[in-house]
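Enquirer: Dropping the structure in here first, questions after.
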Amino acid sequence: MNKLESVFTNNKVLIPFITCGDPNRDVTKAAVRAMVEGGADIIELGIPFSDPTAESPVVQASYDRALKVGTYADEIFELVSDLRKEITVPFVLVTYANPVFSYGTEDFIRKAASCGIDGIIIPDVPYEEKSEFAEICKEVGISLISVLAPTSTNRISMIAKDAEGFLYISADAGEGESSTVVSDVRAQGVTLPCVTSASISTAIQAKTAATYSDGVVLPSGVVELLEKYGTEAPSHIAEYIKEIKAALQA
Amino acid sequence: MRLLGAEVIPVTSGTATLKDAVSECMCEWTRRISDTHYCLGSVMGPHPFPTIVRDFQAVISRESRAQILKAEGRLPDAVLACVGGGSNAIGSFYHYIPDQDVKLIGCEAAGRGIDTFETAATINTGRLGIFHGMKSYFCQDEHGQIAPVYSISAGLDYPGIGPEHANLYDSGRASYVAITDDEAVNAFEYLSRVEGIIPAIESAHAIAHVMKLAPTMSKDQIIVATISGRGDKDCAAIARYRGEDIHE
């Protein structure tokens, strides 16, 4: 069992997402500390990209802000190294194929591993094309997270049996669709934890999603607080995460 | 499109060009994948879209090849077409690919020049990348961020090129030249004046290269160039380019 999977033992897992470098890297660090303080179990670190085809308008706008201040792979590796000195919570990078490929896939994944990244999500790389990334991830011990959509149906078995860390039920599946995907995964005899985002941003939504899944992703709640409060956001983020975590534990 | 009953939603995100329209379509598609299907109009995106669009567009070279054989009794020396994503170009090339003596030349939009940032000439200025579901050449910065591209022609204003073109380029079977806004506008005016054919500003990029290539060839050699659209839509923009204060 790797570090990501072990987080799920007797625990409904909370996974907030944050865009690195929005509005700057110091605020990202403070926000990550706040998420840990609030009880986050895994943290998704978004690498800003010019054309994030799988993100909501809120996250797209935050990527634009982060790119304006020059937040690229090397800046993020430095940020992660700094955070790793004080934080043990697993980190999962969220990025797209081109920033990784352009950097040099092997170089990127090795650097990510050496600065303390546990998993990576590349939503625009489908199962059939993943070996280009998966082989090096396996070698350095990073889980390449697999994503399932409501339309994955007859692909679920193939994707799930090859997955690591946890299975991510795509962000925009509705509640009913997400629970069906989880049932389909279990019907295949796959025991890997399933997390869902189903556009979750409130404690009630998180609690409902946790009844059929092993954890929830907060795809934009933290980003919205950063957009609203800027440098003052971290204290609000801690409160927000605390409230959702409490709902999951209740 | 509205006339035919479609709902049209303008895209304002990013650089508000074709690239951003494709990205927004993909976003919307992933948001409601259960009841939505995505169709690409060019030879781009994930397999099998590039081959589906190519097979439909291939009617261009199927007909032009048959017609030139009938009219001239031989194949052309060169086939030219403009290239953005590359749909009319792959259609213009496809049935000539096995005819090794027929030169295939794609004409990219250089915009204000391939030595400026205001260009959309992917083969001439881009490098290998993975974007919009395909591995091909893309205009991008050193961090792999997709570049905001520019051309006077909205139809060529895309930072990538269909993967089959990338392959034709790599194998040397086709070549790709860059045509500036200025050259395209000159060609637009020239063909309108001498032939009474107003080509789309996209197609004028191919005509511009015909104007460079023809003087280097003998009179009995044959060039086939595809005019992929009509230029009525571009007249006001070309007039503005020439300093007229005309708005449609």
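By convention in this document, the chains of the structure tokens carry letters A, B, ... by their order, each chain's residues are numbered from 1, and ligands are numbered from 1 in the order they are shown.
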Which residues of stretch 37-153 of chain A come within 9 Å of stretch 180-195 of chain A, and for each one, what is the closest pair of atoms and their distance in Å to one decimal, counting only C-alpha atoms, sorted by chain and residue number, as CSV?
Expert:
```
residue,atom,partner,partner_atom,distance
A:Leu148,CA,A:Val181,CA,7.7
A:Ala149,CA,A:Val181,CA,7.7
A:Pro150,CA,A:Val181,CA,6.2
A:Thr151,CA,A:Val181,CA,8.9
A:Ser152,CA,A:Val181,CA,8.3
A:Thr153,CA,A:Val181,CA,7.7
```
Enquirer: Output the selection as a JSON list (two decimals), in the first residue's frame - N, CA and C atoms for each residue.
Expert:
```
[["chain", "number", "residue", "atom", "x", "y", "z"],
["A", 148, "LEU", "N", -11.99, 8.41, -14.22],
["A", 148, "LEU", "CA", -13.14, 7.73, -14.84],
["A", 148, "LEU", "C", -14.24, 8.75, -15.08],
["A", 149, "ALA", "N", -14.93, 8.62, -16.21],
["A", 149, "ALA", "CA", -16.07, 9.48, -16.52],
["A", 149, "ALA", "C", -17.33, 8.62, -16.54],
["A", 150, "PRO", "N", -18.53, 9.26, -16.47],
["A", 150, "PRO", "CA", -19.76, 8.47, -16.52],
["A", 150, "PRO", "C", -19.88, 7.64, -17.80],
["A", 151, "THR", "N", -19.18, 8.08, -18.85],
["A", 151, "THR", "CA", -19.25, 7.34, -20.11],
["A", 151, "THR", "C", -18.15, 6.29, -20.23],
["A", 152, "SER", "N", -17.37, 6.08, -19.16],
["A", 152, "SER", "CA", -16.28, 5.10, -19.25],
["A", 152, "SER", "C", -16.82, 3.67, -19.37],
["A", 153, "THR", "N", -18.00, 3.42, -18.84],
["A", 153, "THR", "CA", -18.70, 2.12, -18.81],
["A", 153, "THR", "C", -17.82, 0.90, -19.13]]
```
Enquirer: Identify, on the basis of only C-alpha atoms, every residue whose closest approach to A:Glu135 does not exceed 12 Å; exclude the query and any residue fewer than 3 positions from it along the same chain; express the result as a list in words.
Expert: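 In the requested format, the answer is Thr105, Glu106, Ile109, Arg110, Glu129, Lys130, Ser131, Glu132, Lys138, Glu139, Val140, Gly141, Ile142, Ser143 and Leu144 of chain A.
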Enquirer: Can I get the selection written as a CSV table (one decimal), in the first residue's frame, with N, CA and C atoms?
Expert:
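Okay, this is what ended up in result_27.csv:
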```
chain,number,residue,atom,x,y,z
A,105,THR,N,9.6,14.6,-20.3
A,105,THR,CA,8.7,13.9,-19.4
A,105,THR,C,9.5,13.2,-18.3
A,106,GLU,N,10.7,12.6,-18.6
A,106,GLU,CA,11.4,11.9,-17.6
A,106,GLU,C,12.0,12.8,-16.6
A,109,ILE,N,9.2,14.2,-14.2
A,109,ILE,CA,8.7,13.2,-13.3
A,109,ILE,C,9.8,12.9,-12.2
A,110,ARG,N,11.0,12.8,-12.6
A,110,ARG,CA,12.1,12.6,-11.6
A,110,ARG,C,12.2,13.8,-10.7
A,129,GLU,N,-2.8,6.1,-24.1
A,129,GLU,CA,-1.6,6.8,-24.3
A,129,GLU,C,-0.7,6.9,-23.1
A,130,LYS,N,-1.1,6.3,-22.0
A,130,LYS,CA,-0.5,6.7,-20.7
A,130,LYS,C,0.9,6.1,-20.5
A,131,SER,N,1.3,5.1,-21.2
A,131,SER,CA,2.6,4.4,-20.9
A,131,SER,C,3.7,5.4,-21.1
A,132,GLU,N,3.6,6.4,-22.0
A,132,GLU,CA,4.7,7.4,-22.1
A,132,GLU,C,5.0,8.1,-20.8
A,138,LYS,N,6.2,4.9,-12.5
A,138,LYS,CA,6.3,3.7,-11.7
A,138,LYS,C,7.7,3.6,-11.2
A,139,GLU,N,8.7,3.9,-12.0
A,139,GLU,CA,10.1,3.8,-11.6
A,139,GLU,C,10.4,4.6,-10.4
A,140,VAL,N,9.9,5.9,-10.4
A,140,VAL,CA,10.3,6.8,-9.3
A,140,VAL,C,9.3,6.7,-8.1
A,141,GLY,N,8.2,5.9,-8.2
A,141,GLY,CA,7.2,5.8,-7.1
A,141,GLY,C,6.2,6.8,-7.0
A,142,ILE,N,5.9,7.5,-8.2
A,142,ILE,CA,4.7,8.4,-8.2
A,142,ILE,C,3.5,7.7,-8.8
A,143,SER,N,2.4,7.8,-8.1
A,143,SER,CA,1.1,7.2,-8.7
A,143,SER,C,0.6,8.1,-9.8
A,144,LEU,N,0.4,7.5,-11.0
A,144,LEU,CA,-0.3,8.3,-12.1
A,144,LEU,C,-1.7,8.0,-11.9
```
Enquirer: Could you name the residues that touch stretch 114-117 of chain A at 10 Å or less, counting only C-alpha atoms, but leaving out those on the same chain fewer than 4 positions away, as a list in words?
Expert: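 Skipping anything fewer than 4 positions along the chain leaves Leu45, Ile76, Phe77, Glu78, Leu79, Val80, Ser81, Asp82, Leu83, Arg84, Lys85, Thr88, Pro90, Phe91, Val92, Leu93, Ile109, Arg110, Val140, Gly141, Ile142 and Ser143 of chain A.
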Enquirer: Got time to write the residues from that selection, C-alpha atoms, as a PDB file, in the first residue's frame?
Expert:
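So selection_25.pdb came out as:
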```pdb
ATOM      1  CA  LEU A  45      -1.464  21.253  -6.588  1.00  0.00           C
ATOM      2  CA  ILE A  76       6.490  24.808  -8.437  1.00  0.00           C
ATOM      3  CA  PHE A  77       9.183  22.204  -7.740  1.00  0.00           C
ATOM      4  CA  GLU A  78      10.904  24.776  -5.537  1.00  0.00           C
ATOM      5  CA  LEU A  79       7.604  25.541  -3.782  1.00  0.00           C
ATOM      6  CA  VAL A  80       6.959  21.837  -3.145  1.00  0.00           C
ATOM      7  CA  SER A  81      10.509  21.288  -1.812  1.00  0.00           C
ATOM      8  CA  ASP A  82      10.014  24.151   0.656  1.00  0.00           C
ATOM      9  CA  LEU A  83       6.634  22.821   1.815  1.00  0.00           C
ATOM     10  CA  ARG A  84       7.977  19.281   2.201  1.00  0.00           C
ATOM     11  CA  LYS A  85      10.339  20.489   4.944  1.00  0.00           C
ATOM     12  CA  THR A  88       3.911  15.332   5.382  1.00  0.00           C
ATOM     13  CA  PRO A  90       0.606  13.725   0.331  1.00  0.00           C
ATOM     14  CA  PHE A  91       0.776  16.066  -2.663  1.00  0.00           C
ATOM     15  CA  VAL A  92      -0.746  15.279  -6.062  1.00  0.00           C
ATOM     16  CA  LEU A  93       0.190  17.446  -9.051  1.00  0.00           C
ATOM     17  CA  ILE A 109       8.694  13.204 -13.254  1.00  0.00           C
ATOM     18  CA  ARG A 110      12.100  12.604 -11.633  1.00  0.00           C
ATOM     19  CA  VAL A 140      10.255   6.759  -9.279  1.00  0.00           C
ATOM     20  CA  GLY A 141       7.248   5.758  -7.139  1.00  0.00           C
ATOM     21  CA  ILE A 142       4.746   8.416  -8.210  1.00  0.00           C
ATOM     22  CA  SER A 143       1.131   7.232  -8.661  1.00  0.00           C
TER      23      SER A 143
END
```
Enquirer: Using only C-alpha atoms, which protein or nucleic acid residues come within 9 Å of A:Pro126? Drop anything in the same chain fewer than 2 positions from it, and give the result as an MDAnalysis selection string.
Expert: (chainID A and resid 122:124 128:130 146:147) or (chainID B and resid 133)
Enquirer: Keeping N, CA and C atoms for every residue in the selection just given, could you write it to a file as an mmCIF file, in the first residue's frame?
Expert:
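New file selection-v6.cif:
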```cif
data_model
loop_
_atom_site.group_PDB
_atom_site.id
_atom_site.type_symbol
_atom_site.label_atom_id
_atom_site.label_comp_id
_atom_site.auth_asym_id
_atom_site.auth_seq_id
_atom_site.Cartn_x
_atom_site.Cartn_y
_atom_site.Cartn_z
ATOM 1 N N ILE A 122 -2.979 13.784 -15.029
ATOM 2 C CA ILE A 122 -2.831 14.443 -16.337
ATOM 3 C C ILE A 122 -4.124 14.158 -17.107
ATOM 4 N N PRO A 123 -5.143 15.025 -16.944
ATOM 5 C CA PRO A 123 -6.469 14.669 -17.452
ATOM 6 C C PRO A 123 -6.564 14.542 -18.967
ATOM 7 N N ASP A 124 -5.614 15.126 -19.718
ATOM 8 C CA ASP A 124 -5.718 14.991 -21.177
ATOM 9 C C ASP A 124 -4.876 13.839 -21.738
ATOM 10 N N GLU A 128 -5.078 4.761 -23.201
ATOM 11 C CA GLU A 128 -4.327 4.165 -24.310
ATOM 12 C C GLU A 128 -2.969 4.832 -24.530
ATOM 13 N N GLU A 129 -2.815 6.055 -24.075
ATOM 14 C CA GLU A 129 -1.574 6.791 -24.329
ATOM 15 C C GLU A 129 -0.717 6.943 -23.075
ATOM 16 N N LYS A 130 -1.139 6.311 -21.963
ATOM 17 C CA LYS A 130 -0.509 6.694 -20.701
ATOM 18 C C LYS A 130 0.893 6.126 -20.470
ATOM 19 N N SER A 146 -5.634 7.646 -12.314
ATOM 20 C CA SER A 146 -6.539 7.405 -13.440
ATOM 21 C C SER A 146 -7.887 8.067 -13.190
ATOM 22 N N VAL A 147 -8.459 8.606 -14.266
ATOM 23 C CA VAL A 147 -9.734 9.320 -14.182
ATOM 24 C C VAL A 147 -10.816 8.495 -14.876
ATOM 25 N N GLY B 133 -5.592 16.800 -27.606
ATOM 26 C CA GLY B 133 -5.755 15.379 -27.891
ATOM 27 C C GLY B 133 -4.866 14.811 -28.977
#
```
Enquirer: Enumerate as a ChimeraX atom specification the residues belonging to chain B that approach chain A to within 10 Å, with only C-alpha atoms taken into account.
Expert: /B:13-15,19-20,22-35,46,127-135,138,140-148
Enquirer: Which polymer residues have any atom within 9 Å of an atom of stretch 205-208 of chain A, counting only C-alpha atoms, with same-chain residues fewer than 3 positions away left out, as a list in words?
Expert: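 Listed by chain and then number, they are Leu14, Glu175, Ser197, Ala198, Ser199, Ile200, Ser201, Thr202, Thr211, Tyr212, Gly215, Val216, Val217, Leu218, Ile244, Lys245, Ala247, Leu248, Gln249 and Ala250 of chain A.
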Enquirer: Fewer than 5 positions away in the same chain doesn't count, so skip those; otherwise give me all residues within 10 Å of B:Tyr137, counting only C-alpha atoms, as number ranges by chain.
Expert: B: 122-131, 159-163, 165-167
Enquirer: Which parts of stretch 126-176 of chain A does DSSP call helix (DSSP H, G or I) when run on the backbone here, written out as a ChimeraX atom specification?
Expert: /A:127-129,131-140,153-161,175-176
Enquirer: Name all residues at most 12 Å from B:Arg173 (count only C-alpha atoms; drop same-chain ones fewer than 5 positions away) and give them as JSON, numbers by chain.
Expert: {"B": [78, 79, 93, 94, 96, 97, 98, 99, 100, 101, 102, 103, 104, 105, 106, 164, 165, 166, 167, 168]}
Enquirer: Identify which of the residues B:Gly41, B:Gly113, B:Gly91, B:Pro215 lies closest to B:Gly155, counting only C-alpha atoms when measuring atom-to-atom distances.
Expert: B:Gly41
Enquirer: Counting only C-alpha atoms, which residue out of A:Glu86, A:Glu37, A:Asp107, A:Glu44 sits closest to A:Leu4?
Expert: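 Once distances to A:Leu4 are computed over only C-alpha atoms, the minimum belongs to A:Glu44.
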Enquirer: Go ahead and compute the interatomic distance for atom CA of B:Ser218 and atom CA of B:His205, in Å to one decimal.
Expert: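 Spanning atom CA of B:Ser218 to atom CA of B:His205 is a straight-line distance of 22.1 Å.
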Enquirer: When DSSP works through the backbone of this structure, what residues of stretch 109-156 of chain B end up as strand (DSSP E or B), shown as number ranges by chain?
Expert: B: 109-111, 127-131, 134-138, 140, 146
Enquirer: Using only C-alpha atoms, please write the residues we just selected to a file, as a PDB file, in the first residue's frame.
Expert:
```pdb
ATOM      1  CA  ALA B 109       0.090  31.867 -42.120  1.00  0.00           C
ATOM      2  CA  ALA B 110       3.251  33.781 -41.159  1.00  0.00           C
ATOM      3  CA  GLY B 111       1.141  36.742 -39.970  1.00  0.00           C
ATOM      4  CA  ARG B 127       7.921  22.335 -31.911  1.00  0.00           C
ATOM      5  CA  LEU B 128       6.609  18.920 -30.927  1.00  0.00           C
ATOM      6  CA  GLY B 129       3.911  18.930 -28.262  1.00  0.00           C
ATOM      7  CA  ILE B 130       0.757  17.228 -26.957  1.00  0.00           C
ATOM      8  CA  PHE B 131      -2.376  19.376 -27.035  1.00  0.00           C
ATOM      9  CA  MET B 134      -2.939  14.999 -30.414  1.00  0.00           C
ATOM     10  CA  LYS B 135       0.838  14.824 -30.591  1.00  0.00           C
ATOM     11  CA  SER B 136       1.975  17.198 -33.326  1.00  0.00           C
ATOM     12  CA  TYR B 137       3.771  20.509 -33.857  1.00  0.00           C
ATOM     13  CA  PHE B 138       2.545  23.495 -31.833  1.00  0.00           C
ATOM     14  CA  GLN B 140       4.377  27.288 -27.693  1.00  0.00           C
ATOM     15  CA  ILE B 146       0.411  27.303 -25.962  1.00  0.00           C
TER      16      ILE B 146
END
```
Enquirer: So the first atom is atom CA of B:Ser61 and the second is atom CA of B:Asp170; what is the distance between them in Å, to one decimal place?
Expert: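 Between atom CA of B:Ser61 and atom CA of B:Asp170 the gap is 21.4 Å.
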Enquirer: Kindly indicate which residue among A:Ala34, A:Val89, A:Met158, A:Ile18 lies nearest to A:Ser6, using only C-alpha atoms for the distances.
Expert: A:Val89
